file structure.cif (mmCIF, C-alpha atoms and all ligand atoms)
data_protein
loop_
_atom_site.label_atom_id
_atom_site.label_comp_id
_atom_site.auth_asym_id
_atom_site.auth_seq_id
_atom_site.Cartn_x
_atom_site.Cartn_y
_atom_site.Cartn_z
CA MET A 1 0.00 0.00 0.00
CA LEU A 2 1.44 3.37 -1.05
CA ILE A 3 0.80 6.30 1.28
CA LEU A 4 1.62 9.90 0.43
CA GLY A 5 2.65 11.73 3.62
CA ILE A 6 2.46 15.52 4.07
CA GLU A 7 4.07 17.43 6.96
CA THR A 8 3.90 21.20 7.56
CA SER A 9 3.54 21.56 11.33
CA CYS A 10 6.53 23.85 11.86
CA ASP A 11 9.35 24.91 9.55
CA GLU A 12 9.74 22.01 7.15
CA THR A 13 7.57 21.53 4.08
CA ALA A 14 7.78 17.80 3.53
CA ALA A 15 6.23 15.11 1.34
CA SER A 16 7.05 11.44 1.07
CA VAL A 17 5.80 8.21 -0.44
CA VAL A 18 6.10 5.16 1.81
CA GLU A 19 5.17 1.59 0.98
CA ASP A 20 3.54 -0.59 3.67
CA GLY A 21 4.55 1.75 6.50
CA ALA A 22 8.27 1.06 6.19
CA ARG A 23 9.79 1.25 2.70
CA VAL A 24 10.64 4.85 1.91
CA LEU A 25 10.31 5.49 -1.84
CA SER A 26 10.88 9.24 -1.52
CA ASN A 27 11.41 11.71 1.29
CA VAL A 28 11.52 15.36 0.18
CA ILE A 29 12.07 18.14 2.72
CA ALA A 30 12.20 21.86 1.97
CA SER A 31 13.76 23.33 5.08
CA GLN A 32 13.03 26.91 6.10
CA VAL A 33 16.01 27.06 8.44
CA ASP A 34 17.80 29.84 6.53
CA LEU A 35 14.65 31.96 6.55
CA HIS A 36 14.13 31.57 10.32
CA ARG A 37 17.80 32.08 11.18
CA LYS A 38 17.29 35.81 10.55
CA THR A 39 14.81 35.97 13.45
CA GLY A 40 16.50 33.31 15.60
CA GLY A 41 13.30 31.22 15.63
CA VAL A 42 10.15 30.43 13.68
CA VAL A 43 7.66 33.23 12.95
CA PRO A 44 4.38 31.33 12.29
CA GLU A 45 3.00 33.53 9.49
CA VAL A 46 6.35 33.53 7.68
CA ALA A 47 6.46 29.73 7.95
CA ALA A 48 2.90 29.36 6.64
CA ARG A 49 3.53 31.53 3.58
CA GLU A 50 6.63 29.52 2.78
CA HIS A 51 4.71 26.23 3.09
CA VAL A 52 2.16 27.45 0.57
CA LEU A 53 4.96 28.43 -1.82
CA LYS A 54 6.81 25.13 -1.48
CA MET A 55 3.93 22.65 -1.15
CA LEU A 56 3.29 21.83 -4.82
CA PRO A 57 6.96 21.60 -5.93
CA VAL A 58 7.73 19.37 -2.92
CA LEU A 59 4.72 17.14 -3.68
CA GLU A 60 5.65 16.82 -7.33
CA GLN A 61 9.24 15.92 -6.46
CA ALA A 62 8.16 13.33 -3.88
CA LEU A 63 5.83 11.60 -6.34
CA LYS A 64 8.42 11.64 -9.14
CA GLU A 65 11.23 10.34 -6.93
CA ALA A 66 8.93 7.50 -5.93
CA GLY A 67 8.76 6.56 -9.62
CA ILE A 68 5.21 7.88 -10.08
CA THR A 69 4.77 9.74 -13.36
CA GLY A 70 2.03 11.07 -15.63
CA THR A 71 -0.42 13.94 -15.32
CA PRO A 72 -1.10 15.30 -11.81
CA SER A 73 -4.35 13.32 -11.59
CA GLU A 74 -2.63 10.14 -12.81
CA MET A 75 0.03 10.63 -10.15
CA ILE A 76 -2.53 10.98 -7.38
CA ALA A 77 -4.44 7.98 -8.77
CA ALA A 78 -1.29 5.86 -8.32
CA ILE A 79 -1.21 6.24 -4.54
CA ASP A 80 -3.53 4.37 -2.16
CA GLY A 81 -3.99 6.93 0.59
CA ILE A 82 -2.88 10.28 2.03
CA ALA A 83 -1.64 11.03 5.55
CA VAL A 84 -1.23 14.58 6.84
CA THR A 85 -0.07 16.10 10.12
CA GLN A 86 -3.16 17.40 11.89
CA ASN A 87 -1.83 18.46 15.32
CA PRO A 88 -0.01 19.71 17.34
CA GLY A 89 1.83 22.51 15.59
CA LEU A 90 1.61 26.10 14.40
CA ILE A 91 -1.99 26.46 13.29
CA SER A 92 -1.31 28.50 10.15
CA ALA A 93 1.47 26.12 9.13
CA LEU A 94 -0.71 23.05 9.72
CA LEU A 95 -3.48 24.58 7.60
CA ALA A 96 -1.19 24.68 4.57
CA GLY A 97 -0.74 20.90 4.75
CA THR A 98 -4.27 19.90 5.73
CA SER A 99 -6.00 22.01 3.10
CA THR A 100 -3.75 20.55 0.39
CA ALA A 101 -4.37 17.00 1.67
CA ASN A 102 -8.13 17.53 1.91
CA THR A 103 -8.30 18.69 -1.69
CA LEU A 104 -6.09 15.90 -3.05
CA ALA A 105 -7.98 13.21 -1.13
CA LEU A 106 -11.35 14.54 -2.26
CA LEU A 107 -10.47 14.84 -5.93
CA GLY A 108 -8.51 11.59 -5.97
CA GLU A 109 -11.14 9.79 -3.84
CA LYS A 110 -8.45 8.50 -1.49
CA PRO A 111 -8.62 7.66 2.21
CA LEU A 112 -7.22 10.53 4.26
CA MET A 113 -5.58 10.03 7.66
CA GLY A 114 -5.02 12.96 10.05
CA VAL A 115 -1.87 12.18 12.04
CA ASN A 116 -0.75 13.44 15.44
CA HIS A 117 2.76 14.82 14.90
CA VAL A 118 4.21 13.19 18.05
CA HIS A 119 2.81 9.81 16.98
CA GLY A 120 4.39 10.52 13.60
CA HIS A 121 7.81 10.81 15.29
CA VAL A 122 7.16 7.44 16.94
CA TYR A 123 6.77 5.80 13.51
CA ALA A 124 10.19 7.07 12.42
CA ASN A 125 11.44 3.90 14.13
CA TRP A 126 9.45 1.74 11.70
CA LEU A 127 11.11 3.28 8.63
CA GLU A 128 13.52 1.20 6.59
CA ARG A 129 13.56 -1.74 8.95
CA GLU A 130 13.41 -5.37 7.94
CA ASP A 131 12.48 -6.32 11.53
CA PRO A 132 9.59 -4.10 12.66
CA PRO A 133 9.56 -3.06 16.33
CA LYS A 134 7.81 -5.39 18.78
CA LEU A 135 5.25 -3.86 21.12
CA PRO A 136 4.81 -2.86 23.89
CA ALA A 137 7.54 -0.24 23.85
CA VAL A 138 8.51 2.76 25.93
CA ILE A 139 9.23 5.72 23.69
CA LEU A 140 10.82 9.09 24.35
CA THR A 141 9.85 11.62 21.69
CA VAL A 142 12.02 14.63 22.18
CA SER A 143 12.02 17.64 19.88
CA GLY A 144 11.85 21.40 19.77
CA GLY A 145 8.10 21.43 20.35
CA HIS A 146 7.47 18.32 22.44
CA ASN A 147 9.04 16.15 25.08
CA ASP A 148 6.92 13.09 25.90
CA LEU A 149 7.49 9.68 27.43
CA LEU A 150 4.99 7.26 25.93
CA LEU A 151 3.94 3.69 26.59
CA MET A 152 2.85 2.24 23.26
CA ARG A 153 0.91 -0.98 23.81
CA ASP A 154 -0.33 -1.39 20.25
CA HIS A 155 -0.77 0.70 17.12
CA GLY A 156 -2.88 3.69 18.07
CA ASP A 157 -2.73 2.77 21.78
CA PHE A 158 -0.54 5.35 23.52
CA GLU A 159 -0.35 6.28 27.18
CA ILE A 160 1.52 9.44 28.17
CA LEU A 161 3.76 8.52 31.11
CA GLY A 162 5.45 11.90 31.41
CA SER A 163 5.76 15.25 29.67
CA THR A 164 7.65 18.49 29.99
CA ARG A 165 6.32 20.97 32.51
CA ASP A 166 7.92 23.89 30.68
CA ASP A 167 10.45 23.81 27.84
CA ALA A 168 11.03 20.80 25.61
CA ALA A 169 14.67 19.62 25.48
CA GLY A 170 15.11 20.78 21.87
CA GLU A 171 13.75 24.19 22.80
CA ALA A 172 16.33 24.36 25.61
CA PHE A 173 19.08 23.46 23.12
CA ASP A 174 17.85 26.25 20.82
CA LYS A 175 17.67 28.85 23.61
CA VAL A 176 21.06 27.96 25.07
CA ALA A 177 22.56 28.11 21.56
CA ARG A 178 21.23 31.63 21.29
CA ILE A 179 22.86 32.57 24.61
CA LEU A 180 26.15 31.16 23.29
CA GLY A 181 25.80 33.09 20.03
CA LEU A 182 25.21 29.96 17.93
CA PRO A 183 22.76 29.83 15.00
CA TYR A 184 19.31 28.20 14.91
CA PRO A 185 18.63 25.28 15.23
CA GLY A 186 20.85 25.00 18.27
CA GLY A 187 20.96 21.23 18.87
CA PRO A 188 23.50 20.25 16.21
CA GLU A 189 25.60 23.39 16.92
CA ILE A 190 25.81 22.74 20.67
CA SER A 191 26.58 19.10 20.01
CA LYS A 192 29.51 20.14 17.74
CA LEU A 193 30.88 22.69 20.24
CA ALA A 194 30.47 20.22 23.13
CA LYS A 195 32.96 17.85 21.48
CA GLU A 196 35.77 20.28 22.43
CA GLY A 197 34.51 20.82 25.98
CA ASP A 198 34.60 19.12 29.36
CA PRO A 199 31.10 17.98 30.44
CA THR A 200 32.03 18.08 34.14
CA SER A 201 33.42 21.61 34.19
CA TYR A 202 30.22 23.50 35.00
CA ASP A 203 27.88 22.12 37.66
CA LEU A 204 24.38 22.49 36.20
CA PRO A 205 21.03 21.48 37.73
CA ARG A 206 19.04 18.35 36.85
CA ALA A 207 15.36 18.91 37.67
CA LEU A 208 12.78 16.36 38.90
CA MET A 209 15.28 13.56 39.37
CA ASN A 210 12.82 11.65 41.53
CA ASP A 211 9.95 9.24 40.87
CA SER A 212 8.28 11.65 38.49
CA LEU A 213 8.48 10.90 34.77
CA ASP A 214 7.90 14.56 33.94
CA PHE A 215 10.64 16.85 32.69
CA SER A 216 11.60 20.45 33.33
CA PHE A 217 14.36 22.31 31.53
CA SER A 218 13.63 25.97 32.25
CA GLY A 219 15.76 26.00 35.44
CA LEU A 220 18.70 24.60 33.50
CA LYS A 221 18.26 27.24 30.81
CA SER A 222 18.16 30.00 33.44
CA ALA A 223 21.29 28.61 35.12
CA VAL A 224 23.13 28.79 31.77
CA MET A 225 21.92 32.35 31.24
CA ARG A 226 23.10 33.40 34.72
CA LEU A 227 26.53 31.83 34.16
CA ALA A 228 26.89 33.55 30.81
CA GLN A 229 26.07 36.93 32.40
CA GLU A 230 28.33 36.41 35.40
CA GLU A 231 31.36 35.12 33.50
CA GLY A 232 31.16 37.46 30.49
CA ASP A 233 34.40 37.19 28.49
CA LYS A 234 35.74 34.51 30.82
CA LEU A 235 32.98 32.08 29.81
CA ARG A 236 34.39 28.79 28.49
CA ARG A 237 31.81 28.28 25.75
CA SER A 238 32.72 24.72 24.76
CA ASP A 239 32.82 23.61 28.41
CA LEU A 240 29.41 25.16 28.98
CA ALA A 241 28.01 23.53 25.81
CA ALA A 242 29.34 20.14 26.96
CA SER A 243 28.04 20.57 30.53
CA PHE A 244 24.61 21.67 29.28
CA GLN A 245 24.37 18.77 26.83
CA GLU A 246 25.39 16.34 29.57
CA ALA A 247 22.72 17.67 31.94
CA VAL A 248 19.96 17.31 29.32
CA CYS A 249 21.06 13.85 28.18
CA ASP A 250 21.48 12.67 31.76
CA VAL A 251 17.88 13.55 32.61
CA LEU A 252 16.40 12.26 29.35
CA SER A 253 18.14 8.89 29.43
CA ALA A 254 17.58 8.37 33.18
CA LYS A 255 13.83 8.91 32.84
CA LEU A 256 13.55 6.76 29.73
CA ILE A 257 15.24 3.86 31.53
CA GLN A 258 13.18 4.50 34.67
CA ALA A 259 9.96 4.28 32.59
CA ALA A 260 11.13 1.06 30.92
CA GLU A 261 11.88 -0.49 34.30
CA LYS A 262 8.35 0.32 35.51
CA HIS A 263 6.61 -1.29 32.51
CA GLU A 264 7.25 -4.64 30.91
CA VAL A 265 8.33 -3.73 27.42
CA HIS A 266 10.14 -5.42 24.56
CA GLU A 267 11.68 -2.26 23.24
CA ILE A 268 12.91 1.20 24.17
CA HIS A 269 12.83 3.90 21.51
CA LEU A 270 14.22 7.39 21.07
CA ALA A 271 12.58 9.61 18.46
CA GLY A 272 12.34 13.30 17.46
CA GLY A 273 14.98 15.88 16.60
CA VAL A 274 16.99 15.52 19.83
CA SER A 275 17.26 11.74 19.29
CA ALA A 276 19.89 12.60 16.65
CA ASN A 277 22.16 13.62 19.53
CA SER A 278 25.02 11.14 19.81
CA ARG A 279 25.65 11.73 23.52
CA LEU A 280 21.99 10.95 24.28
CA ARG A 281 22.21 7.71 22.31
CA GLU A 282 25.49 6.74 23.97
CA LEU A 283 24.32 7.43 27.52
CA THR A 284 21.03 5.56 26.99
CA GLU A 285 22.91 2.57 25.57
CA GLU A 286 25.32 2.55 28.53
CA ARG A 287 22.51 2.64 31.08
CA LEU A 288 20.49 0.04 29.24
CA THR A 289 23.26 -2.56 29.29
CA LYS A 290 23.50 -2.07 33.03
CA SER A 291 19.82 -2.45 33.87
CA LEU A 292 17.70 -3.83 31.02
CA SER A 293 20.00 -5.83 28.83
CA ASP A 294 17.14 -7.85 27.21
CA ALA A 295 15.29 -4.85 25.81
CA VAL A 296 15.95 -3.70 22.25
CA LEU A 297 17.00 -0.06 21.92
CA ARG A 298 16.14 1.73 18.70
CA PHE A 299 16.64 5.17 17.27
CA PRO A 300 15.68 6.18 13.74
CA VAL A 301 18.02 4.54 11.21
CA LYS A 302 18.96 7.91 9.66
CA PRO A 303 19.29 11.37 11.28
CA ILE A 304 16.88 12.70 8.62
CA TYR A 305 14.12 10.56 10.21
CA CYS A 306 14.78 12.11 13.65
CA THR A 307 13.87 15.65 12.64
CA ASP A 308 10.58 16.57 10.98
CA ASN A 309 9.83 14.63 7.81
CA ALA A 310 6.79 13.28 5.99
CA ALA A 311 7.92 9.64 5.75
CA MET A 312 7.12 9.18 9.45
CA ILE A 313 3.67 10.74 8.87
CA ALA A 314 3.01 8.37 5.96
CA ALA A 315 4.04 5.39 8.12
CA ALA A 316 1.76 6.51 10.97
CA GLY A 317 -1.11 6.95 8.49
CA TYR A 318 -0.52 3.47 7.10
CA PHE A 319 -0.85 1.86 10.54
CA MET A 320 -3.95 3.95 11.33
CA PHE A 321 -5.53 2.72 8.12
CA GLN A 322 -4.55 -0.91 8.75
CA LYS A 323 -6.11 -0.82 12.20
CA ASP A 324 -9.51 0.39 11.01
CA PRO A 325 -9.91 0.99 7.26
CA SER A 326 -13.65 1.69 7.62
CA ARG A 327 -12.85 4.95 9.45
CA PHE A 328 -11.39 6.36 6.28
CA ASP A 329 -13.78 5.35 3.51
CA LYS A 330 -16.08 8.36 3.46
CA TRP A 331 -15.87 11.98 2.41
CA GLN A 332 -13.78 13.57 5.06
CA ASN A 333 -12.04 16.72 6.00
CA VAL A 334 -8.98 16.70 8.23
CA GLU A 335 -9.17 19.76 10.42
CA ALA A 336 -5.94 21.39 11.58
CA GLU A 337 -5.75 21.60 15.37
CA ALA A 338 -3.08 23.67 17.12
CA ARG A 339 -3.11 21.37 20.17
O1 LIG A 401 11.59 16.99 15.49
P1 LIG A 401 12.06 18.34 15.12
O2 LIG A 401 12.61 18.52 13.74
O3 LIG A 401 10.97 19.43 15.29
C1 LIG A 401 9.96 19.47 16.25
O4 LIG A 401 8.99 18.67 16.12
O5 LIG A 401 10.11 20.29 17.18
O6 LIG A 401 13.16 18.75 16.20
C2 LIG A 401 13.90 19.92 16.10
C3 LIG A 401 14.68 20.09 17.38
C4 LIG A 401 15.40 21.44 17.47
O7 LIG A 401 15.11 22.02 18.73
C5 LIG A 401 16.87 21.07 17.34
O8 LIG A 401 17.72 21.95 18.03
C6 LIG A 401 16.89 19.67 17.94
O9 LIG A 401 15.68 19.08 17.51
N1 LIG A 401 18.04 18.87 17.45
C7 LIG A 401 19.02 18.43 18.26
C8 LIG A 401 19.96 17.76 17.42
N2 LIG A 401 19.50 17.81 16.14
C9 LIG A 401 18.32 18.50 16.19
N3 LIG A 401 19.21 18.57 19.58
C10 LIG A 401 20.32 18.02 20.12
N4 LIG A 401 21.27 17.39 19.39
C11 LIG A 401 21.14 17.21 18.05
N5 LIG A 401 22.08 16.59 17.36
ZN ZN A 402 8.66 17.17 15.22
#
call {"tool": "encode", "arguments": {"input": "structure.cif", "output": "structure tokens", "more": "lines below"}}
Ligand code: KG4
Ligand code: ZN
result
Amino acid sequence: MLILGIETSCDETAASVVEDGARVLSNVIASQVDLHRKTGGVVPEVAAREHVLKMLPVLEQALKEAGITGTPSEMIAAIDGIAVTQNPGLISALLAGTSTANTLALLGEKPLMGVNHVHGHVYANWLEREDPPKLPAVILTVSGGHNDLLLMRDHGDFEILGSTRDDAAGEAFDKVARILGLPYPGGPEISKLAKEGDPTSYDLPRALMNDSLDFSFSGLKSAVMRLAQEEGDKLRRSDLAASFQEAVCDVLSAKLIQAAEKHEVHEIHLAGGVSANSRLRELTEERLTKSLSDAVLRFPVKPIYCTDNAAMIAAAGYFMFQKDPSRFDKWQNVEAEAR
């Protein structure tokens, strides 16, 4: 079954064709990073306008790269269904994707699946795998916009075990990068700078290191800001980047392992933009071998599947359809929802 995925929840206009929820035939992403660098973050209306400009060229490229040719209507006829990010996200950005998907699905008479973006990130771990994940699994989805610990019992059956009480980890990376004078998005930049630094040199706080599976990163961000103000020119930027990264990865991996210990799961997954971070992967692996050596640890097979993409949305849509095809066989309209 071929699903066309569409993702426009934030600052990537993305389209992808995925076969049977795993085989990626195309994965096209038009990033708006350069545009948003000027403002140091995403301005929703600017993002939405850019999505509208890029949507059709990105769609055309995704269909062609998947080997689908012909007139536009022949191309749409060749796919079996459409999946689009419905929530959460920037409302005006989401609308660009959902209105395109609604129109294509209506004219092409295709089933249309509205996908939760966080669940989309979860399905990044199904992409390009010969051996699909075995459920139940504990999953940490950690990005710029969300930071959730999930128990996934079955497809479509998610329980939120913990969430961020303030900033998401990716957001903290982006804000700290700004304090250190690094460009947006901050995660990869901090990770690069941290390689030259000593992670033990600055003593930074780790919040909620108790029984709670919730997260909080605003205190850590404020501590970095205070240090930067106090030290001024004496600030050792790479040491601070390394110490900050260590603090975030310490908390994330500890809580992921803690959640896995509480629930009997076959697998432990990392997903979302921050799951590209090599220190996070390394620390989780180290802790896993110590406490849960039977569980399988997975992160997306390519960094491009960690950050926002439409292949993960197509995969999520495929599993939604498989679970209950009758839900998707009527005229429908996927409504964009900010939350
Ligand atoms: O999943 P994503 O593309 O967008 C959201 O759904 O939010 O994640 C983007 C976030 C940004 O905050 C970025 O700084 C962070 O993921 N990120 C990283 C790394 N690569 C991206 N954070 C830490 N280390 C990385 N290597
Ligand atoms: Zn995301």
call {"tool": "residues_near_ligand", "arguments": {"input": "structure.cif", "ligand": "ligand LIG 401 (chain A)", "cutoff": "10 Å", "atoms": "only C-alpha atoms and all ligand atoms", "output": "PyMOL selection string"}}
result
chain A and resi 9-12+31+41+88-89+117-118+120-121+141-147+168-177+183-192+245+248-249+271-280+303-309
call {"tool": "residues_around", "arguments": {"input": "structure.cif", "residues": "Pro325 in chain A", "least_positions_apart": "2", "cutoff": "12 Å", "atoms": "only C-alpha atoms", "output": "ChimeraX atom specification"}}
result
/A:80-81,110-113,317-323,327-330
call {"tool": "closest_residue", "arguments": {"input": "structure.cif", "among": "A:Ile268, A:Val122, A:Leu283, A:Ile3", "to": "ligand ZN 402 (chain A)", "atoms": "all atoms listed in the file"}}
result
A:Val122
call {"tool": "atom_distance", "arguments": {"input": "structure.cif", "atom1": "CA of Leu95 in chain A", "atom2": "CA of Lys302 in chain A"}}
result
28.0 Å
call {"tool": "residues_near_point", "arguments": {"input": "structure.cif", "point": "(-5.1, 24.7, 18.6)", "cutoff": "12 Å", "atoms": "all atoms listed in the file", "output": "PyMOL selection string"}}
result
chain A and resi 9+86-95+335-339
call {"tool": "write_last_selection", "arguments": {"input": "structure.cif", "atoms": "C-alpha atoms", "output": "tab-separated table (two decimals), in the frame of the given file"}}
result
chain	number	residue	atom	x	y	z
A	9	SER	CA	3.54	21.56	11.33
A	86	GLN	CA	-3.16	17.40	11.89
A	87	ASN	CA	-1.83	18.46	15.32
A	88	PRO	CA	-0.01	19.71	17.34
A	89	GLY	CA	1.83	22.51	15.59
A	90	LEU	CA	1.61	26.10	14.40
A	91	ILE	CA	-1.99	26.46	13.29
A	92	SER	CA	-1.31	28.50	10.15
A	93	ALA	CA	1.47	26.12	9.13
A	94	LEU	CA	-0.71	23.05	9.72
A	95	LEU	CA	-3.48	24.58	7.60
A	335	GLU	CA	-9.17	19.76	10.42
A	336	ALA	CA	-5.94	21.39	11.58
A	337	GLU	CA	-5.75	21.60	15.37
A	338	ALA	CA	-3.08	23.67	17.12
A	339	ARG	CA	-3.11	21.37	20.17
call {"tool": "closest_residue", "arguments": {"input": "structure.cif", "among": "A:Ile6, A:Ile139, A:Leu151, A:Leu270", "to": "Val301 in chain A", "atoms": "all atoms listed in the file"}}
result
A:Leu270
call {"tool": "residues_around", "arguments": {"input": "structure.cif", "residues": "Leu240 in chain A", "least_positions_apart": "4", "cutoff": "10 Å", "atoms": "all atoms listed in the file", "output": "PyMOL selection string"}}
result
chain A and resi 176+180+190+193-194+197-204+224+227-228+235-236+244-246
call {"tool": "atom_distance", "arguments": {"input": "structure.cif", "atom1": "CA of Val115 in chain A", "atom2": "CA of Val334 in chain A"}}
result
9.2 Å
call {"tool": "closest_residue", "arguments": {"input": "structure.cif", "among": "A:Ala77, A:Ala30, A:His119, A:Gly67", "to": "ligand ZN 402 (chain A)", "atoms": "all atoms listed in the file"}}
result
A:His119
call {"tool": "atom_distance", "arguments": {"input": "structure.cif", "atom1": "CA of Ser243 in chain A", "atom2": "CA of Val43 in chain A"}}
result
29.7 Å
call {"tool": "residues_around", "arguments": {"input": "structure.cif", "residues": "Asn27 in chain A", "least_positions_apart": "5", "cutoff": "8 Å", "atoms": "all atoms listed in the file", "output": "list in words"}}
result
Ala14, Ala15, Ser16, Val17, Ala62, Asn309, Ala310 and Ala311 of chain A
call {"tool": "residues_near_point", "arguments": {"input": "structure.cif", "point": "(14.7, 9.6, -2.0)", "cutoff": "8 Å", "atoms": "only C-alpha atoms", "output": "ChimeraX atom specification"}}
result
/A:24-28,62,65-66
call {"tool": "write_last_selection", "arguments": {"input": "structure.cif", "atoms": "C-alpha atoms", "output": "tab-separated table (two decimals), in the frame of the given file"}}
result
chain	number	residue	atom	x	y	z
A	24	VAL	CA	10.64	4.85	1.91
A	25	LEU	CA	10.31	5.49	-1.84
A	26	SER	CA	10.88	9.24	-1.52
A	27	ASN	CA	11.41	11.71	1.29
A	28	VAL	CA	11.52	15.36	0.18
A	62	ALA	CA	8.16	13.33	-3.88
A	65	GLU	CA	11.23	10.34	-6.93
A	66	ALA	CA	8.93	7.50	-5.93
call {"tool": "closest_residue", "arguments": {"input": "structure.cif", "among": "A:Glu264, A:Asp214, A:Met209, A:Gln61", "to": "Met152 in chain A", "atoms": "all atoms listed in the file"}}
result
A:Glu264
call {"tool": "closest_residue", "arguments": {"input": "structure.cif", "among": "A:Leu220, A:Ala124, A:Met1, A:Leu150", "to": "ligand ZN 402 (chain A)", "atoms": "all atoms listed in the file"}}
result
A:Ala124
call {"tool": "axis_aligned_box", "arguments": {"input": "structure.cif", "around": "range 139-155 of chain A", "padding_each_side": "3 Å", "output": "JSON"}}
result
{"center_x": 5.6, "center_y": 10.0, "center_z": 22.3, "size_x": 18.8, "size_y": 28.8, "size_z": 16.3}
